[in-house]
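data_30.txt (compact mmCIF, C-alpha atoms)
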# COMPACT_ATOMS: atom_id res chain seq x y z
CA GLU A 947 -16.87 30.84 71.67
CA ALA A 948 -17.44 27.41 73.15
CA THR A 949 -19.10 24.55 71.24
CA TRP A 950 -20.06 21.06 72.30
CA SER A 951 -17.64 19.44 69.87
CA GLN A 952 -15.43 19.87 66.80
CA LYS A 953 -17.81 17.84 64.65
CA LEU A 954 -18.96 19.17 61.32
CA PRO A 955 -22.15 21.03 62.40
CA ASP A 956 -20.30 22.90 65.17
CA TRP A 957 -17.30 23.56 62.91
CA ILE A 958 -19.45 25.09 60.14
CA GLY A 959 -21.60 27.00 62.65
CA SER A 960 -18.53 28.58 64.22
CA HIS A 961 -17.42 29.89 60.82
CA ILE A 962 -20.85 31.37 60.12
CA ARG A 963 -20.99 33.13 63.50
CA ALA A 964 -17.38 34.36 63.12
CA PHE A 965 -18.20 36.00 59.78
CA GLN A 966 -21.33 37.55 61.28
CA TYR A 967 -19.31 38.88 64.23
CA LEU A 968 -16.78 40.45 61.86
CA ASN A 969 -19.65 41.71 59.66
CA GLY A 970 -17.63 40.67 56.64
CA VAL A 971 -15.68 37.86 55.03
CA PRO A 972 -11.88 37.60 54.74
CA GLU A 973 -10.16 36.57 51.53
CA LEU A 974 -8.76 33.38 53.08
CA VAL A 975 -9.23 31.12 56.06
CA VAL A 976 -6.29 28.98 57.21
CA PRO A 977 -7.51 26.02 59.30
CA ASP A 978 -5.67 23.14 60.88
CA ASN A 979 -6.13 19.72 59.30
CA LEU A 980 -8.95 18.57 61.56
CA ARG A 981 -11.20 15.94 59.98
CA SER A 982 -14.28 18.19 59.94
CA GLY A 983 -12.46 20.58 57.60
CA VAL A 984 -9.88 18.57 55.68
CA THR A 985 -10.71 15.05 54.53
CA LYS A 986 -7.15 14.31 53.41
CA ALA A 987 -4.17 16.48 54.30
CA HIS A 988 -1.67 17.20 51.52
CA ARG A 989 1.04 19.80 51.15
CA TYR A 990 -0.14 20.97 47.73
CA GLU A 991 -3.64 19.60 47.08
CA PRO A 992 -5.57 18.89 50.32
CA ASP A 993 -9.05 17.41 49.99
CA LEU A 994 -11.62 19.56 51.79
CA ASN A 995 -14.77 18.19 53.38
CA PRO A 996 -17.58 18.75 50.80
CA THR A 997 -19.74 20.65 53.31
CA TYR A 998 -16.82 22.88 54.27
CA GLN A 999 -16.09 23.54 50.59
CA ASP A 1000 -19.78 24.30 50.00
CA MET A 1001 -19.78 26.80 52.88
CA ALA A 1002 -16.59 28.46 51.59
CA ALA A 1003 -18.10 28.81 48.09
CA HIS A 1004 -21.24 30.41 49.57
CA TYR A 1005 -19.15 33.10 51.28
CA GLY A 1006 -16.59 33.41 48.49
CA VAL A 1007 -13.67 32.66 50.80
CA GLY A 1008 -10.60 30.59 49.96
CA VAL A 1009 -9.53 27.75 52.26
CA VAL A 1010 -5.78 27.12 52.57
CA PRO A 1011 -5.10 24.50 55.28
CA THR A 1012 -1.78 24.59 57.09
CA ARG A 1013 0.81 21.95 56.43
CA ALA A 1014 0.68 19.10 58.93
CA ARG A 1015 2.80 19.74 62.03
CA LYS A 1016 3.91 23.20 60.81
CA PRO A 1017 2.73 25.67 63.52
CA ARG A 1018 4.68 28.51 61.87
CA ASP A 1019 2.15 28.44 59.02
CA LYS A 1020 -0.22 30.19 61.43
CA ALA A 1021 2.10 31.90 63.89
CA LYS A 1022 -0.33 34.81 64.40
CA VAL A 1023 -3.05 32.36 65.39
CA GLU A 1024 -0.82 30.57 67.87
CA GLY A 1025 -0.06 33.95 69.46
CA GLY A 1026 -3.78 34.73 69.56
CA VAL A 1027 -4.51 31.42 71.25
CA LEU A 1028 -1.97 32.24 73.95
CA ILE A 1029 -3.61 35.63 74.57
CA VAL A 1030 -7.06 34.02 74.80
CA GLU A 1031 -5.75 31.43 77.26
CA ARG A 1032 -4.38 34.20 79.50
CA TRP A 1033 -7.26 36.69 79.37
CA ILE A 1034 -10.34 34.48 78.83
CA LEU A 1035 -9.72 30.87 79.82
CA ALA A 1036 -7.72 31.82 82.91
CA ALA A 1037 -10.50 34.20 83.98
CA LEU A 1038 -13.01 31.32 83.69
CA ARG A 1039 -11.09 28.76 85.71
CA HIS A 1040 -12.93 29.44 88.97
CA ARG A 1041 -16.36 30.13 87.46
CA GLN A 1042 -19.10 27.55 87.02
CA HIS A 1043 -21.69 27.64 84.21
CA PHE A 1044 -24.79 25.53 83.74
CA SER A 1045 -25.45 25.89 80.01
CA LEU A 1046 -23.52 26.49 76.80
CA GLY A 1047 -25.38 29.77 76.25
CA GLN A 1048 -24.45 31.03 79.70
CA LEU A 1049 -20.81 30.15 79.11
CA ASN A 1050 -20.74 31.91 75.74
CA ALA A 1051 -22.34 35.02 77.22
CA THR A 1052 -19.50 35.22 79.74
CA ILE A 1053 -16.91 34.58 77.01
CA ARG A 1054 -18.41 37.40 74.93
CA GLU A 1055 -18.03 39.85 77.85
CA LEU A 1056 -14.39 38.84 78.35
CA LEU A 1057 -13.75 39.02 74.60
CA GLU A 1058 -15.06 42.58 74.36
CA ARG A 1059 -12.91 43.53 77.34
CA LEU A 1060 -9.86 41.96 75.70
CA ASN A 1061 -10.46 43.63 72.32
CA SER A 1062 -10.88 47.04 74.01
CA ARG A 1063 -7.82 46.68 76.25
CA PRO A 1064 -5.11 49.24 75.27
CA PHE A 1065 -1.88 47.91 73.82
CA ARG A 1066 1.22 48.32 75.98
CA LYS A 1067 3.63 49.39 73.21
CA LEU A 1068 1.29 50.59 70.46
CA PRO A 1069 -1.45 53.23 70.35
CA GLY A 1070 -5.05 52.06 70.49
CA CYS A 1071 -6.41 48.55 71.04
CA ARG A 1072 -7.24 45.46 69.00
CA ARG A 1073 -10.67 46.76 68.04
CA ASP A 1074 -9.19 50.05 66.78
CA HIS A 1075 -6.69 48.19 64.61
CA PHE A 1076 -9.43 45.93 63.26
CA GLU A 1077 -11.62 48.92 62.34
CA GLN A 1078 -8.70 50.71 60.65
CA LEU A 1079 -6.87 47.86 58.90
CA ASP A 1080 -9.05 44.79 58.48
CA LYS A 1081 -12.66 45.91 58.22
CA PRO A 1082 -12.20 48.14 55.11
CA VAL A 1083 -10.88 45.19 53.07
CA LEU A 1084 -13.38 42.53 54.17
CA GLN A 1085 -15.78 41.23 51.54
CA PRO A 1086 -19.48 41.91 52.29
CA LEU A 1087 -21.60 39.16 53.78
CA PRO A 1088 -23.93 37.39 51.31
CA ALA A 1089 -27.61 38.30 51.42
CA GLU A 1090 -28.47 35.04 53.23
CA PRO A 1091 -26.33 33.07 55.70
CA TYR A 1092 -25.16 29.62 54.70
CA VAL A 1093 -27.67 26.82 55.34
CA TYR A 1094 -25.89 23.81 56.82
CA ALA A 1095 -25.81 20.87 54.44
CA GLU A 1096 -24.13 17.49 54.42
CA TRP A 1097 -23.02 15.69 51.27
CA LYS A 1098 -23.03 11.98 50.53
CA LYS A 1099 -22.74 9.76 47.47
CA ALA A 1100 -25.57 7.41 46.56
CA ARG A 1101 -26.16 4.80 43.89
CA VAL A 1102 -29.43 5.10 41.95
CA HIS A 1103 -31.43 1.89 42.37
CA ILE A 1104 -33.39 0.16 39.61
CA ASP A 1105 -36.50 1.96 40.90
CA TYR A 1106 -34.72 5.28 40.02
CA HIS A 1107 -34.72 6.36 43.68
CA VAL A 1108 -31.89 7.02 46.12
CA ALA A 1109 -32.18 6.16 49.80
CA ILE A 1110 -31.48 8.89 52.36
CA ASP A 1111 -32.15 8.11 56.04
CA GLY A 1112 -34.62 5.38 55.14
CA HIS A 1113 -36.71 7.50 52.73
CA TYR A 1114 -36.56 7.17 48.94
CA TYR A 1115 -36.22 10.16 46.59
CA SER A 1116 -36.61 9.94 42.82
CA VAL A 1117 -34.10 11.04 40.17
CA PRO A 1118 -34.45 10.80 36.36
CA TYR A 1119 -34.73 7.10 35.44
CA THR A 1120 -31.93 7.47 32.86
CA LEU A 1121 -29.50 7.56 35.82
CA ILE A 1122 -30.32 4.04 37.02
CA LYS A 1123 -27.16 2.38 38.46
CA LYS A 1124 -25.25 5.68 38.26
CA GLU A 1125 -23.63 7.31 41.31
CA VAL A 1126 -24.95 10.75 42.27
CA GLU A 1127 -24.00 13.30 44.92
CA VAL A 1128 -26.71 14.25 47.41
CA ARG A 1129 -26.85 17.54 49.31
CA ILE A 1130 -28.83 17.16 52.53
CA THR A 1131 -30.18 20.14 54.47
CA HIS A 1132 -32.73 20.34 57.28
CA ASN A 1133 -35.57 20.91 54.78
CA THR A 1134 -34.41 19.74 51.34
CA ILE A 1135 -32.71 16.91 49.46
CA GLU A 1136 -30.86 17.88 46.27
CA CYS A 1137 -29.24 15.40 43.88
CA PHE A 1138 -26.37 16.26 41.53
CA TYR A 1139 -24.83 14.35 38.65
CA ARG A 1140 -21.54 15.56 37.19
CA GLY A 1141 -21.98 18.92 38.88
CA ASN A 1142 -25.54 19.51 37.61
CA ARG A 1143 -28.58 19.45 39.86
CA ILE A 1144 -30.95 16.81 38.56
CA ALA A 1145 -33.52 16.57 41.38
CA SER A 1146 -34.80 18.50 44.40
CA HIS A 1147 -37.21 17.25 47.07
CA ARG A 1148 -38.63 18.42 50.37
CA ARG A 1149 -36.99 16.28 53.05
CA SER A 1150 -39.22 13.67 54.68
CA ASP A 1151 -38.81 11.72 57.92
CA GLN A 1152 -41.18 8.91 56.83
CA LYS A 1153 -39.02 5.82 56.59
CA GLY A 1154 -39.80 3.30 53.88
CA ARG A 1155 -41.90 5.78 51.88
CA HIS A 1156 -41.20 7.41 48.51
CA SER A 1157 -41.02 10.97 47.20
CA THR A 1158 -41.49 10.64 43.45
CA ILE A 1159 -41.61 13.32 40.76
CA ALA A 1160 -43.66 12.19 37.74
CA ALA A 1161 -41.15 13.63 35.26
CA HIS A 1162 -38.50 11.26 36.60
CA MET A 1163 -40.51 8.17 35.71
CA PRO A 1164 -40.15 6.11 32.52
CA GLU A 1165 -42.82 6.64 29.89
CA SER A 1166 -46.09 4.95 30.85
CA HIS A 1167 -44.36 3.56 33.97
CA ARG A 1168 -43.57 0.41 32.00
CA GLN A 1169 -39.83 0.22 32.23
CA ALA A 1170 -37.02 0.95 34.63
CA GLY A 1171 -33.87 0.02 32.85
CA GLU A 1172 -33.89 -3.75 32.37
CA TRP A 1173 -36.41 -4.37 35.19
CA THR A 1174 -40.21 -4.60 34.81
CA PRO A 1175 -43.04 -5.89 37.01
CA GLU A 1176 -43.45 -8.78 34.56
CA ARG A 1177 -39.82 -9.82 35.00
CA LEU A 1178 -40.14 -9.78 38.79
CA THR A 1179 -43.35 -11.85 38.80
CA ALA A 1180 -41.82 -14.32 36.34
CA TRP A 1181 -38.81 -14.71 38.64
CA ALA A 1182 -41.15 -15.22 41.62
CA ALA A 1183 -43.19 -17.85 39.73
CA LYS A 1184 -40.09 -20.03 39.40
CA THR A 1185 -40.02 -20.28 43.21
CA GLY A 1186 -43.72 -21.03 43.63
CA PRO A 1187 -47.29 -19.69 43.51
CA ALA A 1188 -47.16 -18.21 47.02
CA THR A 1189 -44.01 -16.24 46.19
CA GLU A 1190 -45.55 -15.01 42.95
CA LYS A 1191 -48.71 -13.91 44.78
CA LEU A 1192 -46.69 -12.01 47.40
CA ILE A 1193 -44.67 -10.19 44.72
CA ARG A 1194 -47.88 -9.26 42.83
CA THR A 1195 -49.37 -7.99 46.10
CA ALA A 1196 -46.27 -5.90 46.85
CA LEU A 1197 -46.27 -4.39 43.35
CA GLY A 1198 -49.99 -3.59 43.57
CA ALA A 1199 -49.75 -1.99 47.01
CA ARG A 1200 -47.79 1.03 45.74
CA LYS A 1201 -49.00 3.97 43.70
CA HIS A 1202 -46.27 3.17 41.19
CA PRO A 1203 -44.97 -0.43 40.89
CA GLN A 1204 -41.39 0.80 40.62
CA GLN A 1205 -41.59 1.92 44.26
CA ALA A 1206 -41.86 -1.74 45.28
CA TYR A 1207 -38.87 -2.99 43.29
CA ARG A 1208 -36.48 -2.79 46.26
CA SER A 1209 -38.78 -4.83 48.46
CA CYS A 1210 -39.42 -7.40 45.75
CA LEU A 1211 -35.71 -7.87 45.03
CA GLY A 1212 -35.05 -8.22 48.75
CA ILE A 1213 -37.67 -10.97 49.02
CA LEU A 1214 -36.55 -12.88 45.93
CA ARG A 1215 -32.88 -12.80 46.87
CA LEU A 1216 -33.74 -14.55 50.14
CA GLY A 1217 -34.12 -17.66 47.99
CA GLN A 1218 -30.42 -17.51 47.14
CA SER A 1219 -29.47 -17.43 50.82
CA TYR A 1220 -32.02 -19.83 52.35
CA GLY A 1221 -33.28 -21.93 49.46
CA GLU A 1222 -36.40 -21.62 47.35
CA SER A 1223 -38.42 -24.09 49.40
CA ARG A 1224 -37.99 -22.07 52.61
CA LEU A 1225 -38.80 -18.85 50.74
CA GLU A 1226 -41.99 -20.38 49.31
CA ALA A 1227 -43.00 -21.59 52.78
CA ALA A 1228 -42.39 -18.15 54.27
CA CYS A 1229 -44.45 -16.48 51.53
CA GLN A 1230 -47.26 -19.00 52.13
Please express the file's structure as structure tokens.
Amino acid sequence: EATWSQKLPDWIGSHIRAFQYLNGVPELVVPDNLRSGVTKAHRYEPDLNPTYQDMAAHYGVGVVPTRARKPRDKAKVEGGVLIVERWILAALRHRQHFSLGQLNATIRELLERLNSRPFRKLPGCRRDHFEQLDKPVLQPLPAEPYVYAEWKKARVHIDYHVAIDGHYYSVPYTLIKKEVEVRITHNTIECFYRGNRIASHRRSDQKGRHSTIAAHMPESHRQAGEWTPERLTAWAAKTGPATEKLIRTALGARKHPQQAYRSCLGILRLGQSYGESRLEAACQ
């Protein structure tokens, strides 16, 4: 099939559609060391992209990347590429398509023709050999296809939230200043710490807003590690009354004061860069 790119969404999507086309899952896949699949190539212990590893775990398939610059590690694939170039790409060289879907429909027709074409020196065709040899030993597809997800690492802020695409999602306040792994899908945000899921949220596109679960908050909303509303207002008062008033206003504008901690710290740290007198004047 054709895709727009070799970036991660297309790379994962191609795997999903390949497994669906085969109606089963092989024991292993042997990719090249492209960046979407292999973060760091290594002869013995390559680092896989977390999303690629997540997809492989969902389908129960092992990933064994080839060694760098060793085409013999996948000689059968190289031969298959040559066949596809002759019987599919060459057939397309004088044809014009106006959408990716139209192109893939043509490729599918040529692929079926290629798979049904009789061998010259063996009985049957590629589809016959697949049905007889490969299909009986494929693992069954899982009940649900893999849902594309990206992974990133995030540091938990003093307001016990992590920032993903400008929106803030809560995690248990005991993880303040700890690094967590975040799994991002189209609909959900999941946070993991040391391999355990510690939070799950519906994904939001509202930038600057918070998704907070009450159970993640400190008791009585009075503490968040070493930071409190009182400490922030006391810090602001050292700069001046206008700064203190602005910080109190910011803290009072949120449902939970902890949701304003990031903004307050951002304001107060301006004094370190531009001087307290300019900060006080700006707050005034």
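Counting all atoms listed in the file, the residue from A:Gly1154, A:His1075, A:Lys953, A:Gly1141 that sits nearest to Arg1200 (chain A) is A:Gly1154.
Interatomic distance, CA of Ser982 (chain A) against CA of Val1108 (chain A): 25.0 Å.
Using only C-alpha atoms, the shortest contact distance between Ile1029 (chain A) and any of A:Leu1192, A:Leu1056, A:Leu1211, A:Val975 is found at A:Leu1056.
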Pick from A:Asn979, A:Ser951, A:Asn1133, A:Ser1219, whichever lies nearest to Thr1012 (chain A) using only C-alpha atoms: A:Asn979
Quick one: of A:Leu980, A:Leu1197, A:Leu994, A:Ala1188, who's nearest to Gln1230 (chain A), counting all atoms listed in the file? A:Ala1188
Which protein, DNA or RNA residues are at most 10 Å from (-27.2, 18.6, 51.9) in the file's coordinates when you count only C-alpha atoms, listed as JSON, numbers by chain? {"A": [996, 997, 1000, 1093, 1094, 1095, 1096, 1097, 1098, 1127, 1128, 1129, 1130, 1131, 1132, 1133, 1134, 1135, 1136, 1137]}
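The list of residues with at least one atom within 12 Å of Asp1080 (chain A), based on all atoms listed in the file and without residues fewer than 3 positions apart in the same chain, reads Leu968, Asn969, Gly970, Val971, Pro972, Glu973, Arg1072, Arg1073, Asp1074, His1075, Phe1076, Glu1077, Val1083, Leu1084 and Gln1085 of chain A.
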Residue nearest Arg963 (chain A) among A:Ala948, A:Ala1206, A:Val1117, A:Ala1145 (counting all atoms listed in the file): A:Ala948
